[in-house]
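Some notes on the structure that comes next.
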Amino acid sequence: MDFELSEEMRMLSDMTYKFAVKEIEPISHEADEGEKYTPEIRKKAAENGLVGAWIPEEYGGAGVGFLGNAIITEQLSRVDLGIGLNVIAATFGCENLLYYGTEEQKKKYLPPVCAGESVCAGAYTEPNAGTDVAGYKTRAVEDGNDYVITGNKMFITNGTVCDWMVVQAITDPQEKVHKSFSQFIVPADAPGIVRTKIKGKLGIRASDTAEIALDGVRVPKTNLVGKRGAGFYQLMHFFDTTRVFVAAQGVGLAQACLDESVKYCKERTAFGMPLGAYQLSMKKLAEMWIQIEALRNMTYKGALSLDSKKPDYHISAMAKFFAGQTAVFCANAAVELHGGYGYIDEYKVQKWYRDAKILELYEGTKEAEIMTLGRVLMSK
Ligand SMILES: Cc1cc2nc3c(=O)[nH]c(=O)nc-3n(C[C@H](O)[C@H](O)[C@H](O)COP(=O)(O)OP(=O)(O)OC[C@H]3O[C@@H](n4cnc5c(N)ncnc54)[C@H](O)[C@@H]3O)c2cc1C
């Protein structure tokens with residue numbers, strides 16, 4: 001067992017953080033305030049091999065594996081969770097293709113995404129079903145050489161900026177629900193698609209989120225991803241992977257909260273002493289540190305398990321759950337330690353407090369993770 005990162009991973013971490021500080025930090029406030037998606041950052045990140053870095057080199061990625069991508073995610077999220085997501089989630093949905101797509105699909109769709117020229121979206125959630133992934137109603141009906149897709153998707157990251165998306169739809173309603181779904185590659189500009197940006201998010205405001213209506217959208221049969229009827233299981237496999245990246249977002253954001261708070265507690269004085277000299281402040285800082293250390297270990301372990309081809313999906317679910325909890329805890333403590341200054345937008349912790357909450361909501365709410373883990377325990 002070795003808890004040390006390799007030299008290569010340490011260099012990747014340093015390089016990514018420097019990139020984020022140089023390129024992302026200066027526009028962070030403006031992008032948040034104006035809810036601006038940041039394609040220029042995504043393109044620069046791609047030039048540095050940071051987009052789709054988990055994708056094997058033969059399909060255009062940097063081939064640094066899931067651990068490498070988790071480290072990239074962590075370092076970008078230390079600076080800005082929303083803009084970091086624009087970089088990391090440019091490939092959101094590509095997991096489906098890499099695991100289940102045909103060689104032709106992988107060669108056609110993955111390299112342009114890694115090059116920063118194209119953006120993917122994973123369109124699964126619907127207005128009336130999020131946690132209940134078996135409750136989606138979007139239909140794909142076979143018609144000659146095509147499938148015709150009709151339904152509504154909700155809260156789709158990259159929704160209005162993507163070039164294509166992976167859509168979850170029912171193809172076989174006569175089957176048991178878990179065998180009724182399939183996945184499709186759908187070009188974002190296909191006739192019948194209407195994409196509407198969702199504005200006014202609490203946090204990650206630089207990330208694009210949209211509602212997508214599909215009305216009789218025609219795609220060729222060759223756009224089916226994986227096996228017809230296997231979409232539910234393919235989606236579960238997808239989440240098992242992406243949860244590690246959400247966990248890494250939590251590590252980065254929580255670390256930023258701790259770093260900023262330590263700095264502030266050394267500078268700010270009260271009753272003639274720095275805040276950090278008081279045990280109540282130290283307790284907050286120490287508890288942040290403990291949780292971050294535990295979360296980072298869990299996240300890297302989950303990522304390494306994916307790289308070693310012995311995936312531990314329970315660890316992914318634990319890390320995802322703990323990431324939300326840790327990020328929210330650390331952001332809250334950071335605001336408290338900053339006092340009134342933590343409540344105004346001149347101080348970064350205010351934004352991190354708003355951003356943190358999403359980690360308890362998307363890609364499985366914290367309750368969904370608990371249900372998953374609880375079911376595992378009860379089935380033993
Ligand atoms: C900014 C943002 C980006 C997103 N990006 C994407 C994306 O790219 N692609 C995509 O497909 N989706 C995306 N989502 C959707 C996200 O994954 C869902 O919002 C999430 O899964 C929760 O679903 P829901 O909103 O329908 O809530 P619901 O499922 O309605 O849940 C509401 C509450 O009830 C709880 N709950 C539900 N079922 C149970 C139960 N059985 N027992 C106890 N409690 C329960 C939940 O935990 C939650 O607290 C995004 C969401 C946001 C906000």
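Naming scheme: A, B, ... for chains in displayed order of the structure tokens; residues 1 onward per chain; ligands 1 onward as shown.
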
List all protein, DNA and RNA residues that have an atom no more than 8 Å from any atom of ligand 1, counting only C-alpha atoms and all ligand atoms, and report them as a ChimeraX atom specification. /A:92,121-132,153-159,201,203-204,207,209,358,361-368,371

Nearby residues (only C-alpha atoms) at most 7 Å from region 45-47 of chain A, same-chain spacing under 6 positions excluded, as a PyMOL selection string: chain A and resi 87+114-116

I want to know what sits within 10 Å of Val166 (chain A), based on only C-alpha atoms, with residues of the same chain fewer than 6 positions away left out; could you give that as a CSV table (one decimal) with N, CA and C atoms, in the first residue's frame?
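Writing the result to part-v2.csv gives the following:
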chain,number,residue,atom,x,y,z
A,92,PHE,N,-19.1,15.1,-20.1
A,92,PHE,CA,-20.1,14.4,-19.4
A,92,PHE,C,-21.1,13.7,-20.3
A,93,GLY,N,-21.1,12.4,-20.2
A,93,GLY,CA,-21.8,11.5,-21.1
A,93,GLY,C,-20.9,10.7,-22.0
A,94,CYS,N,-19.7,11.1,-22.2
A,94,CYS,CA,-18.7,10.3,-23.0
A,94,CYS,C,-18.4,9.0,-22.3
A,95,GLU,N,-18.6,8.9,-21.0
A,95,GLU,CA,-18.3,7.6,-20.3
A,95,GLU,C,-19.2,6.5,-21.0
A,96,ASN,N,-20.4,6.9,-21.3
A,96,ASN,CA,-21.3,5.9,-21.9
A,96,ASN,C,-20.7,5.4,-23.2
A,97,LEU,N,-20.1,6.3,-24.0
A,97,LEU,CA,-19.5,5.9,-25.3
A,97,LEU,C,-18.3,5.0,-25.1
A,120,CYS,N,-20.1,17.7,-24.9
A,120,CYS,CA,-21.1,16.6,-24.8
A,120,CYS,C,-22.0,17.0,-23.6
A,121,ALA,N,-23.2,16.4,-23.5
A,121,ALA,CA,-24.0,16.5,-22.4
A,121,ALA,C,-24.7,15.2,-22.1
A,122,GLY,N,-25.0,14.9,-20.8
A,122,GLY,CA,-25.6,13.7,-20.5
A,122,GLY,C,-27.1,14.0,-20.1
A,123,ALA,N,-28.0,13.7,-20.9
A,123,ALA,CA,-29.4,14.1,-20.7
A,123,ALA,C,-30.2,13.0,-20.2
A,124,TYR,N,-30.3,12.9,-18.8
A,124,TYR,CA,-31.0,11.8,-18.2
A,124,TYR,C,-32.2,12.3,-17.4
A,183,GLN,N,-29.9,4.0,-24.7
A,183,GLN,CA,-29.2,5.3,-24.8
A,183,GLN,C,-28.9,5.7,-26.2
A,184,PHE,N,-29.0,7.0,-26.5
A,184,PHE,CA,-28.8,7.4,-27.9
A,184,PHE,C,-27.9,8.7,-28.0
A,185,ILE,N,-27.1,8.7,-29.0
A,185,ILE,CA,-26.3,9.9,-29.3
A,185,ILE,C,-27.3,10.8,-30.1
A,186,VAL,N,-27.5,12.1,-29.6
A,186,VAL,CA,-28.4,13.0,-30.3
A,186,VAL,C,-27.7,14.3,-30.6
A,187,PRO,N,-27.6,14.7,-31.9
A,187,PRO,CA,-26.9,16.0,-32.2
A,187,PRO,C,-27.8,17.1,-31.6
A,188,ALA,N,-27.1,18.1,-31.0
A,188,ALA,CA,-27.9,19.1,-30.2
A,188,ALA,C,-28.7,20.0,-31.2
A,223,ASN,N,-27.0,5.4,-34.0
A,223,ASN,CA,-26.7,6.3,-32.8
A,223,ASN,C,-27.1,5.6,-31.5
A,224,LEU,N,-27.6,4.4,-31.6
A,224,LEU,CA,-27.8,3.7,-30.3
A,224,LEU,C,-26.5,3.4,-29.6
A,225,VAL,N,-26.4,3.7,-28.3
A,225,VAL,CA,-25.2,3.4,-27.6
A,225,VAL,C,-25.3,2.1,-26.8

DSSP on the backbone: which residues in region 1-38 of chain A end up as alpha helix (DSSP H)? Give the answer as a ChimeraX atom specification. /A:7-19,25-34

Those residues with N, CA and C atoms, as a compact mmCIF listing (two decimals), in the first residue's frame please?
# COMPACT_ATOMS: atom_id res chain seq x y z
N GLU A 7 5.33 10.99 -8.92
CA GLU A 7 5.89 12.26 -9.39
C GLU A 7 5.02 12.84 -10.52
N GLU A 8 4.58 11.95 -11.40
CA GLU A 8 3.76 12.37 -12.55
C GLU A 8 2.45 13.02 -12.06
N MET A 9 1.83 12.40 -11.07
CA MET A 9 0.55 12.94 -10.56
C MET A 9 0.77 14.25 -9.81
N ARG A 10 1.88 14.35 -9.10
CA ARG A 10 2.17 15.61 -8.39
C ARG A 10 2.38 16.75 -9.38
N MET A 11 3.07 16.44 -10.49
CA MET A 11 3.30 17.46 -11.51
C MET A 11 1.99 17.89 -12.17
N LEU A 12 1.13 16.89 -12.41
CA LEU A 12 -0.17 17.17 -13.01
C LEU A 12 -0.98 18.09 -12.08
N SER A 13 -0.93 17.79 -10.80
CA SER A 13 -1.65 18.58 -9.81
C SER A 13 -1.14 20.04 -9.80
N ASP A 14 0.18 20.20 -9.75
CA ASP A 14 0.77 21.55 -9.71
C ASP A 14 0.43 22.33 -10.99
N MET A 15 0.59 21.65 -12.12
CA MET A 15 0.35 22.30 -13.41
C MET A 15 -1.12 22.77 -13.49
N THR A 16 -2.04 21.90 -13.06
CA THR A 16 -3.46 22.25 -13.15
C THR A 16 -3.79 23.43 -12.25
N TYR A 17 -3.24 23.41 -11.04
CA TYR A 17 -3.55 24.52 -10.11
C TYR A 17 -3.01 25.84 -10.67
N LYS A 18 -1.80 25.79 -11.20
CA LYS A 18 -1.23 27.02 -11.78
C LYS A 18 -2.09 27.52 -12.94
N PHE A 19 -2.54 26.58 -13.76
CA PHE A 19 -3.42 26.94 -14.88
C PHE A 19 -4.69 27.63 -14.34
N GLU A 25 -9.03 32.20 -12.20
CA GLU A 25 -9.25 33.14 -11.09
C GLU A 25 -9.63 34.56 -11.56
N PRO A 26 -8.94 35.12 -12.56
CA PRO A 26 -9.26 36.50 -12.94
C PRO A 26 -10.69 36.69 -13.46
N ILE A 27 -11.31 35.64 -13.98
CA ILE A 27 -12.66 35.84 -14.53
C ILE A 27 -13.75 35.20 -13.66
N SER A 28 -13.33 34.64 -12.55
CA SER A 28 -14.25 33.87 -11.70
C SER A 28 -15.46 34.72 -11.25
N HIS A 29 -15.19 35.89 -10.72
CA HIS A 29 -16.27 36.72 -10.17
C HIS A 29 -17.25 37.14 -11.27
N GLU A 30 -16.67 37.57 -12.40
CA GLU A 30 -17.51 38.05 -13.50
C GLU A 30 -18.39 36.93 -14.09
N ALA A 31 -17.79 35.75 -14.22
CA ALA A 31 -18.55 34.63 -14.78
C ALA A 31 -19.68 34.22 -13.84
N ASP A 32 -19.40 34.29 -12.55
CA ASP A 32 -20.43 33.94 -11.55
C ASP A 32 -21.56 34.97 -11.59
N GLU A 33 -21.16 36.21 -11.54
CA GLU A 33 -22.16 37.28 -11.50
C GLU A 33 -23.03 37.30 -12.76
N GLY A 34 -22.38 37.14 -13.90
CA GLY A 34 -23.10 37.23 -15.17
C GLY A 34 -23.63 35.89 -15.68

Would you mind listing what lies within 12 Å of Ile71 (chain A) as a PyMOL selection string, with only C-alpha atoms counted and same-chain residues fewer than 5 positions away left out? chain A and resi 5-6+8-17+50+53-54+64-66+76-78+84+88+244-252+296-297+299-300+303-304

Dump N, CA and C atoms for the selected residues as a short mmCIF file (atom, residue, chain, number, x, y, z; two decimals), in the first residue's frame?
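Output file part.cif is given in full below:
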data_model
loop_
_atom_site.label_atom_id
_atom_site.label_comp_id
_atom_site.auth_asym_id
_atom_site.auth_seq_id
_atom_site.Cartn_x
_atom_site.Cartn_y
_atom_site.Cartn_z
N LEU A 5 1.41 10.16 -3.87
CA LEU A 5 1.16 10.31 -5.30
C LEU A 5 2.48 10.15 -6.05
N SER A 6 2.40 9.64 -7.26
CA SER A 6 3.61 9.52 -8.07
C SER A 6 4.08 10.92 -8.48
N GLU A 8 4.58 11.95 -11.40
CA GLU A 8 3.76 12.37 -12.55
C GLU A 8 2.45 13.02 -12.06
N MET A 9 1.83 12.40 -11.07
CA MET A 9 0.55 12.94 -10.56
C MET A 9 0.77 14.25 -9.81
N ARG A 10 1.88 14.35 -9.10
CA ARG A 10 2.17 15.61 -8.39
C ARG A 10 2.38 16.75 -9.38
N MET A 11 3.07 16.44 -10.49
CA MET A 11 3.30 17.46 -11.51
C MET A 11 1.99 17.89 -12.17
N LEU A 12 1.13 16.89 -12.41
CA LEU A 12 -0.17 17.17 -13.01
C LEU A 12 -0.98 18.09 -12.08
N SER A 13 -0.93 17.79 -10.80
CA SER A 13 -1.65 18.58 -9.81
C SER A 13 -1.14 20.04 -9.80
N ASP A 14 0.18 20.20 -9.75
CA ASP A 14 0.77 21.55 -9.71
C ASP A 14 0.43 22.33 -10.99
N MET A 15 0.59 21.65 -12.12
CA MET A 15 0.35 22.30 -13.41
C MET A 15 -1.12 22.77 -13.49
N THR A 16 -2.04 21.90 -13.06
CA THR A 16 -3.46 22.25 -13.15
C THR A 16 -3.79 23.43 -12.25
N TYR A 17 -3.24 23.41 -11.04
CA TYR A 17 -3.55 24.52 -10.11
C TYR A 17 -3.01 25.84 -10.67
N LEU A 50 -6.21 18.98 -20.36
CA LEU A 50 -7.03 18.87 -19.15
C LEU A 50 -8.49 18.49 -19.43
N ALA A 53 -9.21 14.11 -19.78
CA ALA A 53 -7.89 13.53 -19.51
C ALA A 53 -7.99 12.04 -19.13
N TRP A 54 -9.17 11.63 -18.68
CA TRP A 54 -9.37 10.23 -18.29
C TRP A 54 -9.56 9.32 -19.53
N VAL A 64 -4.57 9.91 -18.51
CA VAL A 64 -4.03 9.93 -17.14
C VAL A 64 -4.91 9.15 -16.17
N GLY A 65 -5.93 8.50 -16.70
CA GLY A 65 -6.77 7.64 -15.87
C GLY A 65 -7.73 8.43 -14.99
N PHE A 66 -8.45 7.68 -14.17
CA PHE A 66 -9.45 8.31 -13.30
C PHE A 66 -8.78 9.06 -12.16
N LEU A 76 -8.86 22.29 -10.26
CA LEU A 76 -9.71 23.32 -10.90
C LEU A 76 -10.77 23.79 -9.91
N SER A 77 -11.31 22.85 -9.13
CA SER A 77 -12.39 23.18 -8.19
C SER A 77 -11.87 24.00 -7.01
N ARG A 78 -10.58 23.96 -6.76
CA ARG A 78 -9.99 24.80 -5.71
C ARG A 78 -10.14 26.27 -6.05
N GLY A 84 -14.57 25.23 -13.42
CA GLY A 84 -13.93 23.91 -13.41
C GLY A 84 -14.85 22.87 -14.04
N ILE A 88 -14.28 20.07 -16.91
CA ILE A 88 -14.41 18.64 -16.59
C ILE A 88 -15.63 18.01 -17.27
N VAL A 244 -16.95 9.72 -8.62
CA VAL A 244 -15.58 9.97 -8.13
C VAL A 244 -15.15 11.39 -8.49
N PHE A 245 -15.58 11.86 -9.66
CA PHE A 245 -15.20 13.22 -10.06
C PHE A 245 -15.95 14.27 -9.23
N VAL A 246 -17.21 13.97 -8.88
CA VAL A 246 -17.94 14.90 -8.01
C VAL A 246 -17.25 14.94 -6.64
N ALA A 247 -16.81 13.78 -6.18
CA ALA A 247 -16.09 13.73 -4.90
C ALA A 247 -14.84 14.61 -4.99
N ALA A 248 -14.15 14.55 -6.11
CA ALA A 248 -12.92 15.36 -6.28
C ALA A 248 -13.26 16.85 -6.31
N GLN A 249 -14.41 17.20 -6.84
CA GLN A 249 -14.84 18.61 -6.78
C GLN A 249 -14.94 19.05 -5.32
N GLY A 250 -15.49 18.16 -4.50
CA GLY A 250 -15.65 18.48 -3.07
C GLY A 250 -14.30 18.66 -2.39
N VAL A 251 -13.33 17.82 -2.75
CA VAL A 251 -11.99 17.94 -2.14
C VAL A 251 -11.44 19.34 -2.45
N GLY A 252 -11.51 19.72 -3.72
CA GLY A 252 -10.94 21.00 -4.14
C GLY A 252 -11.61 22.19 -3.46
N ARG A 296 -10.21 13.14 0.77
CA ARG A 296 -9.23 12.98 -0.31
C ARG A 296 -8.81 11.51 -0.42
N ASN A 297 -8.57 10.89 0.71
CA ASN A 297 -8.18 9.46 0.69
C ASN A 297 -9.27 8.60 0.07
N THR A 299 -11.59 9.54 -2.01
CA THR A 299 -11.75 9.89 -3.44
C THR A 299 -10.65 9.23 -4.28
N TYR A 300 -9.42 9.36 -3.82
CA TYR A 300 -8.31 8.77 -4.58
C TYR A 300 -8.45 7.24 -4.60
N ALA A 303 -10.96 6.41 -7.20
CA ALA A 303 -10.41 6.62 -8.55
C ALA A 303 -9.40 5.51 -8.89
N LEU A 304 -8.56 5.19 -7.94
CA LEU A 304 -7.57 4.13 -8.18
C LEU A 304 -8.23 2.79 -8.45
#

Got a sec: who's within 7 Å of Thr150 (chain A), counting only C-alpha atoms, leaving out chain neighbours fewer than 4 positions off, as an NGL selection string? :A and (138-140 or 214-217)

Residue neighbourhood Ile344 (chain A), 12 Å, only C-alpha atoms, exclusion window fewer than 6 positions, as a ChimeraX atom specification: /A:335,338,350-354

In region 146-356 of chain A, DSSP strand (DSSP E) residues written as a PyMOL selection string: chain A and resi 146-157+164-170+181-187+193-197+209-220+224-225+269-270+273-274

Expected file: the selected residues, C-alpha atoms, as a PDB file, in the first residue's frame:
ATOM      1  CA  ASP A 146     -34.219   5.579 -37.344  1.00  0.00           C
ATOM      2  CA  TYR A 147     -35.414   6.071 -33.808  1.00  0.00           C
ATOM      3  CA  VAL A 148     -37.795   8.957 -33.148  1.00  0.00           C
ATOM      4  CA  ILE A 149     -37.350  10.486 -29.679  1.00  0.00           C
ATOM      5  CA  THR A 150     -39.922  12.525 -27.755  1.00  0.00           C
ATOM      6  CA  GLY A 151     -39.726  13.768 -24.173  1.00  0.00           C
ATOM      7  CA  ASN A 152     -38.350  16.400 -21.824  1.00  0.00           C
ATOM      8  CA  LYS A 153     -35.027  16.573 -20.032  1.00  0.00           C
ATOM      9  CA  MET A 154     -34.314  18.823 -17.061  1.00  0.00           C
ATOM     10  CA  PHE A 155     -31.246  20.412 -15.410  1.00  0.00           C
ATOM     11  CA  ILE A 156     -28.885  19.296 -18.174  1.00  0.00           C
ATOM     12  CA  THR A 157     -25.317  20.541 -17.688  1.00  0.00           C
ATOM     13  CA  TRP A 164     -24.317  16.414 -28.896  1.00  0.00           C
ATOM     14  CA  MET A 165     -25.798  14.586 -25.995  1.00  0.00           C
ATOM     15  CA  VAL A 166     -26.452  11.115 -24.707  1.00  0.00           C
ATOM     16  CA  VAL A 167     -30.184  10.759 -24.153  1.00  0.00           C
ATOM     17  CA  GLN A 168     -31.839   8.139 -21.980  1.00  0.00           C
ATOM     18  CA  ALA A 169     -35.158   6.955 -23.429  1.00  0.00           C
ATOM     19  CA  ILE A 170     -37.611   4.070 -23.237  1.00  0.00           C
ATOM     20  CA  PHE A 181     -34.339   1.872 -21.512  1.00  0.00           C
ATOM     21  CA  SER A 182     -31.725   2.574 -24.173  1.00  0.00           C
ATOM     22  CA  GLN A 183     -29.209   5.342 -24.756  1.00  0.00           C
ATOM     23  CA  PHE A 184     -28.760   7.440 -27.903  1.00  0.00           C
ATOM     24  CA  ILE A 185     -26.329   9.947 -29.308  1.00  0.00           C
ATOM     25  CA  VAL A 186     -28.420  12.968 -30.291  1.00  0.00           C
ATOM     26  CA  PRO A 187     -26.947  15.970 -32.159  1.00  0.00           C
ATOM     27  CA  ILE A 193     -34.984  20.061 -30.134  1.00  0.00           C
ATOM     28  CA  VAL A 194     -35.606  23.188 -28.067  1.00  0.00           C
ATOM     29  CA  ARG A 195     -33.004  24.098 -25.443  1.00  0.00           C
ATOM     30  CA  THR A 196     -33.742  26.657 -22.745  1.00  0.00           C
ATOM     31  CA  LYS A 197     -31.098  27.937 -20.357  1.00  0.00           C
ATOM     32  CA  THR A 209     -27.758  24.263 -17.168  1.00  0.00           C
ATOM     33  CA  ALA A 210     -30.776  23.785 -19.404  1.00  0.00           C
ATOM     34  CA  GLU A 211     -34.146  22.261 -19.981  1.00  0.00           C
ATOM     35  CA  ILE A 212     -34.311  20.313 -23.230  1.00  0.00           C
ATOM     36  CA  ALA A 213     -37.493  19.442 -25.083  1.00  0.00           C
ATOM     37  CA  LEU A 214     -37.327  16.715 -27.741  1.00  0.00           C
ATOM     38  CA  ASP A 215     -40.287  16.526 -30.092  1.00  0.00           C
ATOM     39  CA  GLY A 216     -40.072  13.803 -32.739  1.00  0.00           C
ATOM     40  CA  VAL A 217     -36.278  13.989 -32.923  1.00  0.00           C
ATOM     41  CA  ARG A 218     -35.012  11.545 -35.533  1.00  0.00           C
ATOM     42  CA  VAL A 219     -31.645   9.793 -35.113  1.00  0.00           C
ATOM     43  CA  PRO A 220     -30.258   6.885 -37.156  1.00  0.00           C
ATOM     44  CA  LEU A 224     -27.831   3.662 -30.318  1.00  0.00           C
ATOM     45  CA  VAL A 225     -25.173   3.441 -27.590  1.00  0.00           C
ATOM     46  CA  THR A 269      -7.445  40.146  15.018  1.00  0.00           C
ATOM     47  CA  ALA A 270     -10.116  40.264  17.701  1.00  0.00           C
ATOM     48  CA  MET A 273      -5.133  38.479  19.166  1.00  0.00           C
ATOM     49  CA  PRO A 274      -5.334  36.803  15.743  1.00  0.00           C
TER      50      PRO A 274
END

At most 12 Å is the cut-off: for each residue in region 175-273 of chain A with any atom that close to an atom of region 305-309 of chain A, write down the nearest atom pair and the distance in Å rounded to one decimal, counting only C-alpha atoms, chain first then increasing number, as a Markdown table.
| residue | atom | partner | partner_atom | distance |
| --- | --- | --- | --- | --- |
| A:His237 | CA | A:Leu306 | CA | 11.3 |
| A:Phe238 | CA | A:Leu306 | CA | 11.9 |
| A:Asp240 | CA | A:Leu306 | CA | 9.4 |
| A:Thr241 | CA | A:Leu306 | CA | 7.5 |
| A:Thr242 | CA | A:Leu306 | CA | 10.7 |
| A:Arg243 | CA | A:Leu306 | CA | 11.4 |
| A:Val244 | CA | A:Leu306 | CA | 9.3 |
| A:Phe245 | CA | A:Leu306 | CA | 11.6 |

Written selection (N, CA and C atoms) as an mmCIF file, in the first residue's frame:
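So the final result, stored in out_12.cif, reads:
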data_model
loop_
_atom_site.group_PDB
_atom_site.id
_atom_site.type_symbol
_atom_site.label_atom_id
_atom_site.label_comp_id
_atom_site.auth_asym_id
_atom_site.auth_seq_id
_atom_site.Cartn_x
_atom_site.Cartn_y
_atom_site.Cartn_z
ATOM 1 N N HIS A 237 -23.750 2.357 -14.382
ATOM 2 C CA HIS A 237 -22.295 2.240 -14.545
ATOM 3 C C HIS A 237 -21.672 3.631 -14.726
ATOM 4 N N PHE A 238 -22.339 4.457 -15.499
ATOM 5 C CA PHE A 238 -21.906 5.841 -15.724
ATOM 6 C C PHE A 238 -21.772 6.586 -14.390
ATOM 7 N N ASP A 240 -21.493 5.369 -11.423
ATOM 8 C CA ASP A 240 -20.443 4.777 -10.584
ATOM 9 C C ASP A 240 -19.099 5.429 -10.870
ATOM 10 N N THR A 241 -18.889 5.837 -12.110
ATOM 11 C CA THR A 241 -17.634 6.476 -12.508
ATOM 12 C C THR A 241 -17.620 7.954 -12.155
ATOM 13 N N THR A 242 -18.686 8.655 -12.555
ATOM 14 C CA THR A 242 -18.655 10.117 -12.445
ATOM 15 C C THR A 242 -18.738 10.587 -10.988
ATOM 16 N N ARG A 243 -19.243 9.733 -10.106
ATOM 17 C CA ARG A 243 -19.320 10.125 -8.686
ATOM 18 C C ARG A 243 -17.949 10.411 -8.097
ATOM 19 N N VAL A 244 -16.947 9.717 -8.619
ATOM 20 C CA VAL A 244 -15.580 9.966 -8.135
ATOM 21 C C VAL A 244 -15.150 11.389 -8.489
ATOM 22 N N PHE A 245 -15.576 11.864 -9.656
ATOM 23 C CA PHE A 245 -15.196 13.220 -10.064
ATOM 24 C C PHE A 245 -15.948 14.274 -9.228
#

Calculate how many Å separate CA of Leu110 (chain A) from CA of Asn69 (chain A), rounding to one decimal.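 Calculated distance between CA of Leu110 (chain A) and CA of Asn69 (chain A) is 15.7 Å.
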
Could you pull the residues within 7 Å of Ala334 (chain A), counting only C-alpha atoms, minus those fewer than 5 positions along the same chain, as an NGL selection string? :A and (257-258 or 261 or 349)

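Candidate residues A:Asp259, A:Gln234, A:Gly82, A:Lys310 were compared for distance to Ala286 (chain A), and the nearest is A:Asp259, using only C-alpha atoms.
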
Which distance in Å separates CA of Glu103 (chain A) and CA of Gly302 (chain A), to one decimal?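 According to the coordinates, CA of Glu103 (chain A) and CA of Gly302 (chain A) are separated by 27.2 Å.
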